[in-house]
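> So here's start_39.cif (mmCIF, C-alpha atoms and all ligand atoms).
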data_entry
loop_
_atom_site.group_PDB
_atom_site.id
_atom_site.type_symbol
_atom_site.label_atom_id
_atom_site.label_comp_id
_atom_site.auth_asym_id
_atom_site.auth_seq_id
_atom_site.Cartn_x
_atom_site.Cartn_y
_atom_site.Cartn_z
ATOM 1 C CA MET A 1197 1.207 57.278 31.573
ATOM 2 C CA ASP A 1198 0.803 53.513 31.469
ATOM 3 C CA ASP A 1199 -2.036 52.582 33.798
ATOM 4 C CA GLY A 1200 -1.383 48.841 33.432
ATOM 5 C CA ALA A 1201 -4.832 48.115 32.007
ATOM 6 C CA PRO A 1202 -3.656 45.744 29.224
ATOM 7 C CA ASP A 1203 -1.767 43.621 31.755
ATOM 8 C CA ARG A 1204 -4.783 43.420 34.002
ATOM 9 C CA LYS A 1205 -6.943 42.340 31.080
ATOM 10 C CA LEU A 1206 -4.463 39.630 30.108
ATOM 11 C CA ILE A 1207 -4.380 38.361 33.659
ATOM 12 C CA LEU A 1208 -8.172 38.392 33.938
ATOM 13 C CA ASP A 1209 -8.524 36.561 30.609
ATOM 14 C CA SER A 1210 -6.059 33.910 31.755
ATOM 15 C CA VAL A 1211 -7.836 33.475 35.085
ATOM 16 C CA ARG A 1212 -11.190 33.228 33.352
ATOM 17 C CA ASP A 1213 -9.919 30.576 30.930
ATOM 18 C CA TYR A 1214 -8.370 28.587 33.731
ATOM 19 C CA ILE A 1215 -11.506 28.673 35.849
ATOM 20 C CA ALA A 1216 -13.688 27.749 32.880
ATOM 21 C CA GLN A 1217 -11.504 24.739 32.299
ATOM 22 C CA LEU A 1218 -11.658 23.686 35.950
ATOM 23 C CA VAL A 1219 -15.421 24.014 35.977
ATOM 24 C CA GLU A 1220 -15.726 22.006 32.782
ATOM 25 C CA GLU A 1221 -13.621 19.310 34.352
ATOM 26 C CA GLY A 1222 -16.081 19.084 37.223
ATOM 27 C CA LEU A 1223 -14.775 21.496 39.842
ATOM 28 C CA GLU A 1224 -17.736 22.872 41.767
ATOM 29 C CA GLY A 1225 -15.930 24.843 44.441
ATOM 30 C CA VAL A 1226 -12.726 25.328 46.345
ATOM 31 C CA PRO A 1227 -11.978 25.068 50.062
ATOM 32 C CA LYS A 1228 -12.444 28.380 51.793
ATOM 33 C CA SER A 1229 -9.220 29.758 53.183
ATOM 34 C CA PRO A 1230 -7.977 33.221 54.124
ATOM 35 C CA GLY A 1231 -7.025 35.217 51.070
ATOM 36 C CA THR A 1232 -8.742 32.883 48.603
ATOM 37 C CA ALA A 1233 -11.351 34.477 46.389
ATOM 38 C CA PRO A 1234 -14.618 32.529 46.053
ATOM 39 C CA ILE A 1235 -14.633 30.733 42.703
ATOM 40 C CA ALA A 1236 -18.123 31.994 41.897
ATOM 41 C CA ALA A 1237 -16.923 35.576 42.108
ATOM 42 C CA ALA A 1238 -13.959 34.885 39.860
ATOM 43 C CA ALA A 1239 -16.121 32.994 37.396
ATOM 44 C CA ALA A 1240 -18.335 36.051 37.101
ATOM 45 C CA ILE A 1241 -15.603 37.896 35.171
ATOM 46 C CA PRO A 1242 -17.268 38.680 31.850
ATOM 47 C CA PRO A 1243 -15.981 37.037 28.663
ATOM 48 C CA ALA A 1244 -13.541 39.069 26.588
ATOM 49 C CA SER A 1245 -15.887 39.282 23.654
ATOM 50 C CA SER A 1246 -19.570 40.031 23.860
ATOM 51 C CA ARG A 1247 -20.108 40.982 20.241
ATOM 52 C CA VAL A 1248 -22.003 37.890 19.176
ATOM 53 C CA ALA A 1249 -25.519 36.673 19.795
ATOM 54 C CA GLU A 1250 -26.670 33.444 21.389
ATOM 55 C CA PRO A 1251 -27.068 30.468 19.041
ATOM 56 C CA ALA A 1252 -30.807 30.147 19.466
ATOM 57 C CA GLY A 1253 -33.268 32.190 17.510
ATOM 58 C CA ASN A 1254 -30.862 34.453 15.707
ATOM 59 C CA GLY A 1255 -32.558 34.784 12.402
ATOM 60 C CA ALA A 1256 -31.981 33.786 8.840
ATOM 61 C CA VAL A 1257 -29.221 31.574 7.564
ATOM 62 C CA THR A 1258 -28.573 29.562 4.437
ATOM 63 C CA PRO A 1259 -28.479 25.772 4.537
ATOM 64 C CA SER A 1260 -25.168 24.335 3.381
ATOM 65 C CA PRO A 1261 -25.278 21.020 1.540
ATOM 66 C CA ARG A 1262 -22.013 19.209 0.945
ATOM 67 C CA GLY A 1263 -19.894 21.175 -1.443
ATOM 68 C CA ALA A 1264 -21.617 24.464 -0.800
ATOM 69 C CA GLY A 1265 -19.537 27.339 0.369
ATOM 70 C CA SER A 1266 -16.421 26.535 -1.545
ATOM 71 C CA PRO A 1267 -13.583 28.895 -0.686
ATOM 72 C CA SER A 1268 -14.157 32.108 -2.569
ATOM 73 C CA SER A 1269 -14.244 35.839 -2.124
ATOM 74 C CA GLY A 1270 -11.852 35.560 0.760
ATOM 75 C CA GLU A 1271 -14.491 33.926 2.941
ATOM 76 C CA ALA A 1272 -12.768 30.603 3.511
ATOM 77 C CA LYS A 1273 -9.088 31.273 3.649
ATOM 78 C CA ALA A 1274 -6.793 28.759 5.278
ATOM 79 C CA PRO A 1275 -7.035 29.116 9.046
ATOM 80 C CA ALA A 1276 -4.212 31.144 10.487
ATOM 81 C CA ALA A 1277 -3.600 28.849 13.427
ATOM 82 C CA MET A 1278 -3.733 25.116 12.873
ATOM 83 C CA LEU A 1279 -2.439 22.232 14.918
ATOM 84 C CA LYS A 1280 -1.973 18.936 13.093
ATOM 85 C CA ALA A 1281 -2.946 15.640 14.649
ATOM 86 C CA SER A 1282 -0.765 12.674 13.835
ATOM 87 C CA ALA A 1283 -1.603 10.549 10.816
ATOM 88 C CA PRO A 1284 -3.995 7.723 11.723
ATOM 89 C CA LEU A 1285 -2.834 5.043 9.295
ATOM 90 C CA GLU A 1286 -1.441 2.946 12.105
ATOM 91 C CA LEU A 1287 -4.815 3.179 13.815
ATOM 92 C CA LEU A 1288 -6.649 1.740 10.824
ATOM 93 C CA SER A 1289 -4.207 -1.130 10.564
ATOM 94 C CA ARG A 1290 -5.131 -2.206 14.067
ATOM 95 C CA TYR A 1291 -8.152 -4.020 12.627
ATOM 96 C CA PRO A 1292 -7.315 -5.761 9.325
ATOM 97 C CA GLY A 1293 -9.986 -5.083 6.746
ATOM 98 C CA LEU A 1294 -11.172 -1.861 8.359
ATOM 99 C CA GLU A 1295 -9.556 0.251 5.675
ATOM 100 C CA LYS A 1296 -11.511 -1.678 3.036
ATOM 101 C CA THR A 1297 -14.949 -0.758 4.372
ATOM 102 C CA GLY A 1298 -16.379 1.262 1.502
ATOM 103 C CA ASP A 1299 -19.229 3.098 3.174
ATOM 104 C CA LEU A 1300 -20.757 3.713 6.565
ATOM 105 C CA GLY A 1301 -23.027 0.691 6.275
ATOM 106 C CA ALA A 1302 -20.049 -1.543 5.638
ATOM 107 C CA LEU A 1303 -18.202 0.061 8.544
ATOM 108 C CA ARG A 1304 -21.157 -0.515 10.867
ATOM 109 C CA ALA A 1305 -21.277 -4.139 9.751
ATOM 110 C CA PHE A 1306 -17.541 -4.462 10.332
ATOM 111 C CA ILE A 1307 -17.918 -3.200 13.900
ATOM 112 C CA GLY A 1308 -20.804 -5.595 14.494
ATOM 113 C CA GLU A 1309 -21.655 -6.456 18.095
ATOM 114 C CA CYS A 1310 -18.214 -5.250 19.073
ATOM 115 C CA GLN A 1311 -16.472 -6.876 22.010
ATOM 116 C CA ARG A 1312 -13.138 -5.183 21.455
ATOM 117 C CA CYS A 1313 -13.029 -3.361 24.803
ATOM 118 C CA LYS A 1314 -14.368 -3.694 28.329
ATOM 119 C CA LEU A 1315 -17.322 -1.365 27.677
ATOM 120 C CA ALA A 1316 -19.040 -3.970 25.514
ATOM 121 C CA PRO A 1317 -20.839 -5.937 28.258
ATOM 122 C CA LEU A 1318 -22.035 -2.715 29.898
ATOM 123 C CA ARG A 1319 -23.862 -1.141 26.954
ATOM 124 C CA LYS A 1320 -27.495 -1.391 25.951
ATOM 125 C CA ASN A 1321 -26.814 -0.195 22.422
ATOM 126 C CA LEU A 1322 -23.719 0.551 20.435
ATOM 127 C CA VAL A 1323 -24.049 4.183 19.307
ATOM 128 C CA PHE A 1324 -22.472 4.361 15.881
ATOM 129 C CA GLY A 1325 -23.445 7.718 14.414
ATOM 130 C CA VAL A 1326 -26.279 9.454 12.629
ATOM 131 C CA GLY A 1327 -26.852 11.884 9.806
ATOM 132 C CA ASN A 1328 -25.915 12.557 6.215
ATOM 133 C CA PRO A 1329 -23.213 10.112 5.069
ATOM 134 C CA ASN A 1330 -21.992 12.808 2.662
ATOM 135 C CA ALA A 1331 -22.215 15.682 5.109
ATOM 136 C CA GLY A 1332 -19.953 18.675 4.736
ATOM 137 C CA LEU A 1333 -19.972 19.135 8.508
ATOM 138 C CA MET A 1334 -19.362 16.537 11.203
ATOM 139 C CA PHE A 1335 -19.804 16.889 14.965
ATOM 140 C CA VAL A 1336 -17.718 14.624 17.192
ATOM 141 C CA GLY A 1337 -18.489 14.256 20.874
ATOM 142 C CA GLU A 1338 -17.042 12.168 23.654
ATOM 143 C CA ALA A 1339 -19.179 9.087 24.278
ATOM 144 C CA PRO A 1340 -22.835 8.094 24.605
ATOM 145 C CA GLY A 1341 -24.699 9.033 27.773
ATOM 146 C CA ALA A 1342 -27.662 7.280 29.323
ATOM 147 C CA ASP A 1343 -30.242 8.512 26.781
ATOM 148 C CA GLU A 1344 -27.980 7.707 23.881
ATOM 149 C CA ASP A 1345 -27.275 4.252 25.273
ATOM 150 C CA VAL A 1346 -31.009 3.522 25.441
ATOM 151 C CA GLN A 1347 -31.886 4.963 22.044
ATOM 152 C CA GLY A 1348 -28.751 3.983 20.154
ATOM 153 C CA GLU A 1349 -28.341 7.483 18.711
ATOM 154 C CA PRO A 1350 -25.802 10.165 19.634
ATOM 155 C CA PHE A 1351 -26.844 13.460 21.222
ATOM 156 C CA VAL A 1352 -30.498 12.759 21.961
ATOM 157 C CA GLY A 1353 -30.731 13.961 25.579
ATOM 158 C CA ARG A 1354 -30.863 17.552 26.823
ATOM 159 C CA ALA A 1355 -27.366 18.222 25.553
ATOM 160 C CA GLY A 1356 -28.400 16.696 22.252
ATOM 161 C CA GLN A 1357 -31.370 19.042 22.025
ATOM 162 C CA LEU A 1358 -29.039 21.975 22.554
ATOM 163 C CA LEU A 1359 -26.757 20.690 19.809
ATOM 164 C CA THR A 1360 -29.782 20.353 17.544
ATOM 165 C CA ASP A 1361 -30.710 23.967 18.341
ATOM 166 C CA ILE A 1362 -27.214 25.117 17.423
ATOM 167 C CA ILE A 1363 -27.417 23.232 14.127
ATOM 168 C CA GLU A 1364 -30.969 24.128 13.202
ATOM 169 C CA ARG A 1365 -31.738 27.481 14.812
ATOM 170 C CA GLY A 1366 -28.196 28.809 14.859
ATOM 171 C CA MET A 1367 -26.774 27.539 11.583
ATOM 172 C CA GLY A 1368 -29.989 27.149 9.623
ATOM 173 C CA LEU A 1369 -29.237 23.523 8.756
ATOM 174 C CA ARG A 1370 -31.255 20.430 9.502
ATOM 175 C CA ARG A 1371 -29.840 17.934 11.954
ATOM 176 C CA ALA A 1372 -30.097 15.384 9.143
ATOM 177 C CA ASP A 1373 -27.794 17.571 6.984
ATOM 178 C CA VAL A 1374 -24.779 16.974 9.231
ATOM 179 C CA TYR A 1375 -23.133 13.852 10.613
ATOM 180 C CA ILE A 1376 -22.931 13.308 14.375
ATOM 181 C CA CYS A 1377 -20.900 10.711 16.239
ATOM 182 C CA ASN A 1378 -18.634 10.178 19.221
ATOM 183 C CA VAL A 1379 -15.052 9.121 19.822
ATOM 184 C CA ILE A 1380 -16.321 6.142 21.836
ATOM 185 C CA LYS A 1381 -19.300 4.111 20.647
ATOM 186 C CA CYS A 1382 -20.386 2.527 23.931
ATOM 187 C CA ARG A 1383 -21.404 4.249 27.152
ATOM 188 C CA PRO A 1384 -18.812 4.313 29.943
ATOM 189 C CA PRO A 1385 -20.394 3.413 33.294
ATOM 190 C CA GLU A 1386 -21.690 6.379 35.314
ATOM 191 C CA ASN A 1387 -20.682 8.592 32.408
ATOM 192 C CA ARG A 1388 -17.058 8.493 33.510
ATOM 193 C CA ASN A 1389 -14.389 9.570 31.072
ATOM 194 C CA PRO A 1390 -13.373 6.866 28.623
ATOM 195 C CA GLU A 1391 -10.113 5.212 29.574
ATOM 196 C CA PRO A 1392 -7.039 5.070 27.343
ATOM 197 C CA ASP A 1393 -7.467 1.404 26.420
ATOM 198 C CA GLU A 1394 -11.092 2.071 25.451
ATOM 199 C CA VAL A 1395 -10.080 5.005 23.266
ATOM 200 C CA ALA A 1396 -7.331 2.942 21.680
ATOM 201 C CA ALA A 1397 -9.812 0.166 20.898
ATOM 202 C CA CYS A 1398 -12.541 2.412 19.482
ATOM 203 C CA GLU A 1399 -10.700 5.264 17.826
ATOM 204 C CA PRO A 1400 -9.990 3.422 14.563
ATOM 205 C CA PHE A 1401 -13.744 3.358 13.913
ATOM 206 C CA LEU A 1402 -13.986 7.129 14.282
ATOM 207 C CA ILE A 1403 -11.026 7.636 11.981
ATOM 208 C CA ARG A 1404 -12.705 5.450 9.373
ATOM 209 C CA GLN A 1405 -15.969 7.379 9.816
ATOM 210 C CA ILE A 1406 -14.087 10.609 9.116
ATOM 211 C CA ASP A 1407 -12.473 8.949 6.094
ATOM 212 C CA LEU A 1408 -15.808 7.813 4.705
ATOM 213 C CA VAL A 1409 -17.864 10.946 5.369
ATOM 214 C CA ARG A 1410 -14.924 13.151 4.392
ATOM 215 C CA PRO A 1411 -16.529 16.353 5.717
ATOM 216 C CA ARG A 1412 -15.129 19.757 4.935
ATOM 217 C CA ALA A 1413 -15.084 20.591 8.628
ATOM 218 C CA ILE A 1414 -15.382 18.894 11.996
ATOM 219 C CA VAL A 1415 -16.620 20.482 15.192
ATOM 220 C CA GLY A 1416 -14.994 18.817 18.193
ATOM 221 C CA LEU A 1417 -17.310 18.949 21.167
ATOM 222 C CA GLY A 1418 -15.734 19.195 24.592
ATOM 223 C CA THR A 1419 -12.460 18.514 26.300
ATOM 224 C CA PHE A 1420 -12.275 14.778 25.909
ATOM 225 C CA ALA A 1421 -13.219 14.559 22.234
ATOM 226 C CA VAL A 1422 -10.873 17.350 21.238
ATOM 227 C CA GLN A 1423 -7.962 16.102 23.315
ATOM 228 C CA SER A 1424 -8.469 12.605 21.925
ATOM 229 C CA LEU A 1425 -8.551 13.851 18.349
ATOM 230 C CA LEU A 1426 -5.492 16.058 18.751
ATOM 231 C CA LYS A 1427 -3.518 13.851 21.162
ATOM 232 C CA VAL A 1428 -2.889 16.747 23.487
ATOM 233 C CA LYS A 1429 -3.734 17.621 27.075
ATOM 234 C CA THR A 1430 -4.252 21.307 26.438
ATOM 235 C CA PRO A 1431 -7.432 22.654 28.079
ATOM 236 C CA ILE A 1432 -10.368 23.100 25.744
ATOM 237 C CA SER A 1433 -10.506 26.730 26.767
ATOM 238 C CA ARG A 1434 -7.159 27.210 25.010
ATOM 239 C CA LEU A 1435 -7.943 25.006 22.004
ATOM 240 C CA ARG A 1436 -11.372 26.367 21.140
ATOM 241 C CA GLY A 1437 -11.798 29.121 18.638
ATOM 242 C CA ILE A 1438 -8.718 28.023 16.661
ATOM 243 C CA TRP A 1439 -8.696 25.777 13.614
ATOM 244 C CA HIS A 1440 -6.771 22.526 13.912
ATOM 245 C CA GLU A 1441 -6.371 19.623 11.521
ATOM 246 C CA VAL A 1442 -7.517 16.067 12.091
ATOM 247 C CA HIS A 1443 -6.664 13.533 9.427
ATOM 248 C CA GLY A 1444 -6.687 16.184 6.738
ATOM 249 C CA VAL A 1445 -9.939 17.776 7.870
ATOM 250 C CA GLN A 1446 -10.161 21.144 9.547
ATOM 251 C CA MET A 1447 -11.496 20.867 13.068
ATOM 252 C CA MET A 1448 -12.905 23.597 15.266
ATOM 253 C CA PRO A 1449 -12.953 22.715 18.969
ATOM 254 C CA THR A 1450 -15.672 24.148 21.125
ATOM 255 C CA PHE A 1451 -17.368 23.483 24.434
ATOM 256 C CA HIS A 1452 -19.600 20.437 24.841
ATOM 257 C CA PRO A 1453 -23.352 21.152 24.891
ATOM 258 C CA ALA A 1454 -23.598 19.471 28.311
ATOM 259 C CA TYR A 1455 -21.121 22.050 29.602
ATOM 260 C CA LEU A 1456 -23.280 24.789 28.107
ATOM 261 C CA LEU A 1457 -26.290 23.499 30.011
ATOM 262 C CA ARG A 1458 -24.341 24.100 33.214
ATOM 263 C CA ASN A 1459 -22.737 27.308 32.005
ATOM 264 C CA PRO A 1460 -25.147 29.051 29.632
ATOM 265 C CA SER A 1461 -23.058 32.222 29.614
ATOM 266 C CA GLU A 1462 -20.486 30.318 27.546
ATOM 267 C CA LYS A 1463 -22.946 29.986 24.659
ATOM 268 C CA ARG A 1464 -21.544 33.179 23.231
ATOM 269 C CA ARG A 1465 -18.115 31.578 22.895
ATOM 270 C CA VAL A 1466 -19.568 28.528 21.202
ATOM 271 C CA TRP A 1467 -21.434 30.810 18.893
ATOM 272 C CA GLU A 1468 -18.184 32.552 18.026
ATOM 273 C CA ASP A 1469 -16.690 29.164 17.153
ATOM 274 C CA ILE A 1470 -19.743 28.130 15.132
ATOM 275 C CA GLN A 1471 -19.612 31.391 13.222
ATOM 276 C CA GLN A 1472 -16.068 30.514 12.148
ATOM 277 C CA VAL A 1473 -17.340 27.156 10.911
ATOM 278 C CA MET A 1474 -20.159 28.855 9.012
ATOM 279 C CA LYS A 1475 -17.673 31.205 7.409
ATOM 280 C CA LEU A 1476 -15.438 28.355 6.329
ATOM 281 C CA LEU A 1477 -18.373 26.477 4.831
ATOM 282 C CA GLY A 1478 -19.833 29.553 3.200
ATOM 283 C CA ILE A 1479 -23.008 29.509 5.250
ATOM 284 C CA ALA A 1480 -24.541 32.960 5.179
ATOM 285 C CA PRO A 1481 -24.454 34.770 8.502
ATOM 286 C CA PRO A 1482 -27.875 35.439 10.020
ATOM 287 C CA GLY A 1483 -29.669 38.298 8.366
ATOM 288 C CA ARG A 1484 -27.834 38.089 5.036
ATOM 289 C CA GLY A 1485 -30.299 36.567 2.696
ATOM 290 C CA GLY A 1486 -30.831 33.238 4.390
ATOM 291 C CA ARG A 1487 -34.171 31.667 5.016
ATOM 292 C CA SER A 1488 -36.495 32.751 7.784
ATOM 293 C CA PRO A 1489 -36.438 30.643 10.941
HETATM 294 S S1 LIG A 1501 -16.446 1.228 22.868
HETATM 295 FE FE1 LIG A 1501 -15.802 0.806 20.750
HETATM 296 S S2 LIG A 1501 -14.206 -0.763 20.933
HETATM 297 FE FE2 LIG A 1501 -15.335 -0.737 22.878
HETATM 298 S S3 LIG A 1501 -16.918 -2.327 22.622
HETATM 299 FE FE3 LIG A 1501 -17.816 -0.332 22.041
HETATM 300 S S4 LIG A 1501 -17.535 -0.213 19.813
HETATM 301 FE FE4 LIG A 1501 -16.150 -1.814 20.574
#
Please express the file's structure as structure tokens.

Amino acid sequence: MDDGAPDRKLILDSVRDYIAQLVEEGLEGVPKSPGTAPIAAAAAIPPASSRVAEPAGNGAVTPSPRGAGSPSSGEAKAPAAMLKASAPLELLSRYPGLEKTGDLGALRAFIGECQRCKLAPLRKNLVFGVGNPNAGLMFVGEAPGADEDVQGEPFVGRAGQLLTDIIERGMGLRRADVYICNVIKCRPPENRNPEPDEVAACEPFLIRQIDLVRPRAIVGLGTFAVQSLLKVKTPISRLRGIWHEVHGVQMMPTFHPAYLLRNPSEKRRVWEDIQQVMKLLGIAPPGRGGRSP
């Protein structure tokens, strides 16, 4: 006899994804009304998968320099599900000469003390990017926050420390092995979401960064970065865990570290996503001959 269990699981998974998305977008509660379940109770529905460990402190892994982990032995097959972002050539042509910048230094010089959007007079520092210019793995976030604005480096606050933990303790790489940047290079006031005209003004620089670093994989961090890269409005909870393509580079969306600070139970999902990235890049899973932490 069919007890309906699969349907219930599907419904619960859908509700969980929807609530996770609402919470990530800033929802902290809902008005209490008869027949409405408290959001905290609904959010307590356990994730579908609990097979994987947390990113921090999970043992030995192998560092992956650029070029390591070339597809072999069935480890790095083409992702089954991939959504293609539109070609960015028209973006590069927005700023004549941008496509001729030959390295990251030249690109940074091209950007200069940029005044191309209304965020310029509000910033303390333009936050360009940091890391290995030949990295095989690139992390792309949304925009600088307060700490990043002061220091001029992406992901240096609490969320940045968590990202560093994922890279170093989870993946066994050094932060300096990867490349880290944001869609937007200047801090939006009060950490609001970047506006469409700001994205339009700044995005060509990110596209050129991707061109110049030419990583084997990108990890898109959070709703805004992923939606900007893919030109979609699909919730991150439905995009994460699936390979997409951005300008010819495979991109794995996952939750933003700042979201993880508020929702630590979601670390397991991020770790699932990161494990897919490690597999693609040929980074040994923890406990399979990597170095000791
Ligand atoms: S956000 Fe981008 S386009 Fe706007 S001023 Fe900063 S660097 Fe220039």
> Run the PyMOL selection byres (((not hetatm)) within 6 of (chain A and resi 1501)) on the file and write out the hits as a JSON list (two decimals) with C-alpha atoms, keeping the file's coordinate frame.

[["chain", "number", "residue", "atom", "x", "y", "z"],
["A", 1310, "CYS", "CA", -18.21, -5.25, 19.07],
["A", 1311, "GLN", "CA", -16.47, -6.88, 22.01],
["A", 1312, "ARG", "CA", -13.14, -5.18, 21.46],
["A", 1313, "CYS", "CA", -13.03, -3.36, 24.80],
["A", 1315, "LEU", "CA", -17.32, -1.36, 27.68],
["A", 1316, "ALA", "CA", -19.04, -3.97, 25.51],
["A", 1380, "ILE", "CA", -16.32, 6.14, 21.84],
["A", 1381, "LYS", "CA", -19.30, 4.11, 20.65],
["A", 1382, "CYS", "CA", -20.39, 2.53, 23.93],
["A", 1394, "GLU", "CA", -11.09, 2.07, 25.45],
["A", 1397, "ALA", "CA", -9.81, 0.17, 20.90],
["A", 1398, "CYS", "CA", -12.54, 2.41, 19.48]]
> Atom CA of A:Gly1366 and atom CA of A:Val1409, how far apart in Å?
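That distance, rounded to one decimal, is 22.7 Å.
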> So that I can check the surroundings of A:Gly1325, please list as a PyMOL selection string every protein, DNA and RNA residue that reaches within 9 Å of it, counting all atoms listed in the file and ignoring chain neighbours fewer than 4 positions away.
chain A and resi 1348-1350+1375-1378+1381+1405
> Can I get the selection written as a PDB file, keeping the file's coordinate frame, with C-alpha atoms?

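Saved result, result.pdb, follows:
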ATOM      1  CA  GLY A1348     -28.751   3.983  20.154  1.00  0.00           C
ATOM      2  CA  GLU A1349     -28.341   7.483  18.711  1.00  0.00           C
ATOM      3  CA  PRO A1350     -25.802  10.165  19.634  1.00  0.00           C
ATOM      4  CA  TYR A1375     -23.133  13.852  10.613  1.00  0.00           C
ATOM      5  CA  ILE A1376     -22.931  13.308  14.375  1.00  0.00           C
ATOM      6  CA  CYS A1377     -20.900  10.711  16.239  1.00  0.00           C
ATOM      7  CA  ASN A1378     -18.634  10.178  19.221  1.00  0.00           C
ATOM      8  CA  LYS A1381     -19.300   4.111  20.647  1.00  0.00           C
ATOM      9  CA  GLN A1405     -15.969   7.379   9.816  1.00  0.00           C
TER      10      GLN A1405
END
> Might you pull out every residue within 8 Å of A:Val1473, with all atoms listed in the file counted and same-chain residues fewer than 3 positions away left off, and present them as number ranges by chain?
A: 1413, 1415, 1448, 1469-1470, 1476-1477
> State, in Å with one decimal place, the distance from atom CA of A:Lys1463 to atom CA of A:His1440.
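About the pair atom CA of A:Lys1463 and atom CA of A:His1440: they are 20.8 Å apart.
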> Write out as lines of an AutoDock Vina configuration file an axis-aligned box for stretch 1297-1316 of chain A: all of its atoms listed in the file, 6 Å added on each side, centre and edge lengths in Å with one decimal.

center_x = -18.0
center_y = -1.6
center_z = 14.9
size_x = 22.0
size_y = 22.6
size_z = 38.8
> When distances are computed from only C-alpha atoms, which of A:Leu1402, A:Ala1454, A:Leu1425, A:Ile1363 shows the smallest separation from A:Ile1479?
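Checking each candidate against A:Ile1479, we get A:Ile1363 as the closest.
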> Please, what distance in Å, to one decimal, runs between atom CA of A:Gly1293 and atom CA of A:Ala1421?
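Straight-line distance from atom CA of A:Gly1293 to atom CA of A:Ala1421 works out to 25.2 Å.
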> Skip A:Ala1305 itself and residues of its chain fewer than 6 positions away, then list as a ChimeraX atom specification all residues within 12 Å of it, counting all atoms listed in the file.
/A:1293-1294,1297-1299,1322,1324,1401
> Under the rule that only C-alpha atoms are counted, which of A:Ile1406, A:Val1326, A:Met1367, A:Ala1339 is the nearest residue to A:Asn1389?
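Checking each of A:Ile1406, A:Val1326, A:Met1367, A:Ala1339 against A:Asn1389, counting only C-alpha atoms, the winner is A:Ala1339.
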> Which residue gives the smallest distance to A:Asp1345 among A:Thr1360, A:Ser1433, A:Asn1321, A:Asn1330, with all atoms listed in the file counted?
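Among the listed residues, A:Asn1321 lies closest to A:Asp1345.
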> Any chance you could resolve the PyMOL selection byres (((chain A and resi 1418) around 9) and not hetatm) against this file and give the residues as a list in words?
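For this structure, the PyMOL selection byres (((chain A and resi 1418) around 9) and not hetatm) resolves to Glu1220, Val1336, Gly1337, Glu1338, Gly1416, Leu1417, Thr1419, Phe1420, Ala1421, Val1422, Gln1423, Ile1432, Pro1449, Thr1450, Phe1451, His1452, Pro1453, Ala1454 and Tyr1455 of chain A.
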